[in-house]
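Have a look at the structure below, then the notes.
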Amino acid sequence: MTATLDNRGMRNTGQGRFAFMHRFFLFLAFVFFLQLGNFTQAQVQVALQGSGTSNKFPVVIADFAGPNGKEMADIISADLIRSGQFEVTRTQALTIDSNGTPNWAALSNLGATTVAYGSISGSTANFQLTDTALKAPLEAKNITEPQMRRLAHKVADAIYEKMTGVRGIFATRVAYATGQQLVVADADGENRKIIVNSPSSIISPAWSPDGSKLAYVSFETGKPVVYVQNLSTGSRQVVANFKGNNSAPAWSPDGSQLAVALSMNALSNIYQISATGGSNPRRITDSAEIDTEPFYFPNGSGIIFTSDRGGSAQIYRTGLGGGSASRITFNGSQNVSGKISPDGTKLVYSSLRGGSYSIAQQGLGSGSDKTLTSGPNDLSPSFAPNGMQILYVSSGGLSIVNTDGSFQASIPSVGNVSSAAWGPFTD
Amino acid sequence: MSSRIAKTLAIAAIAASLAACSSTPLDGSAGAGDTSASGAAMDPFNPNSPLAQQRSVYFAFDSYAVEPQYQPLVQMHAQYLAANSQQRVRIEGNTDARGSAEYNLALGQRRSVAVGNQLVQQGVNGSQIEAVSFGKERPKASGNTEAAYAENRRADINYLR
């Protein structure tokens, strides 16, 4: 199990220089152990895994020099730990000589060969990621960002990307709806901002692809109406307020259109409207049953949606021109709230099995299907923009789970959360 | 206005007898017979009226079928609305707390539409009716007990002023 995950982790490193060096050192270690004596290959595997904990990347994070240096390192560490892919060791600020060279001998005793350290000056963090065995930097960067927590998230993103080959999501944001509030927070749940305070319910936040706007449903006029709100200006606009219900907004990949569920002509069908509103919604689905919760394929070729046309709520796919829809979920007595991964290869959804709602994931095309969480009330999943984790609502709170099922964590939130959405990369 | 009151009076007696058949008990303090005599009984905006007091249809889990026991209630509203064609209602569907907010919104809509369809079948003009849903967003009963769930699986007929 751990060997399989480790291999997967290594594939994620892609063409990265770190990946190459990691492999190179594994090879050196292998040769070294062989030379020690009668080690079998299996024993070597065990020895290698013992150097960290199982399949995680070991890294030492030192307190940064300068004001808030320890807090900075704490945030970076928490980010890396929350990815589920790192084994973090913390240490005090390093002593650096006048040439900027760290004390390699002291570093090599810290328990991992990869060490991150740095300093803060004003709103700029200077950080280094070094390899103590190589005695050389893997990465050295200046990152400027006025907000301290965000600065730390950006440093964590740089470390994450260098070591895994995958872009980090620590500087992205999440949105969630509680009974009467719409909240935006950093990906770690901190730095919360209340975007909307409503006398009535708000549900179903959806990020525009550029992260500048949120579409959502508010019941403040006495029935569900879809709004789009600009996050920097605070201005908002009614985009769907037709007879009956207006709900379940989803952005087209280019940000110009919204798919919404409207009950203007029937029970609930999926329509496409301009993201700036408009009076002529174009119908995508046409059924006498429930069709709701649309979500676009990342290439814009079509949508998935939830429908009870087969007798129970299940997820279907169809083209934007309408026509026939094909059912794509089969396990579970109810399967709802489907989302497609950013690379278009996976479907995540909330699945009712044995009386309990769990987050389930299916490979599109491969047919593989597994539950990632154990319930009992796990709802509203959405992929991180790098596709590595899923944000979901667990019995009224926020949680994340890795797409390989290897790691789960709760994220701090306020209120009784009903729906949530992980925002896109924004810079 | 006087014609509305006349129509109201005309069906008051029918409604009062229907109300007596309903499984939902009336508020005893008002005295249905007394208020019908006063001429206010079939005014949906009079809180003592059966039209104000009996306006909820309850459903089974994940169901939108209007059970036979609610036929008298639906018929009472249908008769009033057919006789008062300028009067509009908004039927609000609700669900229990289990499952997705959006699917429950659609399920609540199924419930409000089911009640609306019955009103239309009994002579109400469809343009008098707007069927909407609050899904699981406005629970009347809080908590995660079966009793609370049952109370929240409901469609309410609300008269618009």
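By order of appearance in the structure tokens: chains A, B, ..., then residues from 1 within every chain, and ligands from 1 in the order shown.
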
Interface residues on chain B facing chain A, 8 Å, only C-alpha atoms, written as a ChimeraX atom specification: /B:98-103,106-107,109-110,113,130-134,137-138

Selection export as a short mmCIF file (atom, residue, chain, number, x, y, z; two decimals), in the first residue's frame, atoms kept: N, CA and C atoms:
data_model
loop_
_atom_site.label_atom_id
_atom_site.label_comp_id
_atom_site.auth_asym_id
_atom_site.auth_seq_id
_atom_site.Cartn_x
_atom_site.Cartn_y
_atom_site.Cartn_z
N ARG B 98 -31.98 16.06 5.43
CA ARG B 98 -31.03 15.09 4.90
C ARG B 98 -30.72 15.32 3.43
N GLY B 99 -29.47 15.26 3.06
CA GLY B 99 -29.07 15.32 1.65
C GLY B 99 -28.73 16.70 1.15
N SER B 100 -28.54 16.80 -0.17
CA SER B 100 -28.02 18.01 -0.80
C SER B 100 -29.03 19.15 -0.77
N ALA B 101 -28.54 20.38 -0.53
CA ALA B 101 -29.41 21.55 -0.48
C ALA B 101 -30.15 21.73 -1.80
N GLU B 102 -29.45 21.56 -2.92
CA GLU B 102 -30.09 21.79 -4.21
C GLU B 102 -31.08 20.68 -4.58
N TYR B 103 -30.72 19.43 -4.31
CA TYR B 103 -31.69 18.37 -4.61
C TYR B 103 -32.94 18.53 -3.75
N ALA B 106 -35.19 21.10 -5.18
CA ALA B 106 -36.01 20.56 -6.28
C ALA B 106 -37.10 19.62 -5.75
N LEU B 107 -36.78 18.86 -4.72
CA LEU B 107 -37.79 17.97 -4.14
C LEU B 107 -38.92 18.78 -3.51
N GLN B 109 -39.82 21.61 -4.52
CA GLN B 109 -40.57 22.11 -5.68
C GLN B 109 -41.56 21.04 -6.18
N ARG B 110 -41.09 19.79 -6.23
CA ARG B 110 -41.99 18.69 -6.61
C ARG B 110 -43.23 18.71 -5.72
N VAL B 113 -45.45 21.81 -6.51
CA VAL B 113 -46.10 21.60 -7.81
C VAL B 113 -47.21 20.55 -7.68
N GLU B 130 -48.26 30.32 -7.81
CA GLU B 130 -46.82 30.20 -8.01
C GLU B 130 -46.32 29.14 -7.04
N ALA B 131 -45.67 28.11 -7.61
CA ALA B 131 -45.13 27.04 -6.78
C ALA B 131 -43.64 27.29 -6.59
N VAL B 132 -43.18 27.40 -5.36
CA VAL B 132 -41.75 27.60 -5.08
C VAL B 132 -41.31 26.59 -4.03
N SER B 133 -40.03 26.65 -3.73
CA SER B 133 -39.49 25.71 -2.75
C SER B 133 -38.47 26.41 -1.88
N PHE B 134 -38.44 26.04 -0.63
CA PHE B 134 -37.36 26.46 0.26
C PHE B 134 -36.42 25.30 0.57
N GLU B 137 -34.04 24.77 3.71
CA GLU B 137 -33.48 26.01 4.27
C GLU B 137 -34.32 26.64 5.37
N ARG B 138 -35.59 26.32 5.43
CA ARG B 138 -36.44 26.97 6.44
C ARG B 138 -37.14 25.93 7.30
#

Residue set, region 68-146 of chain B restricted to strand (DSSP E), as a ChimeraX atom specification: /B:88-94,129-135

All residues 8 Å or closer to Val88 (chain A), only C-alpha atoms, same chain fewer than 6 positions away omitted, as a ChimeraX atom specification: /A:58-61,77,80-81
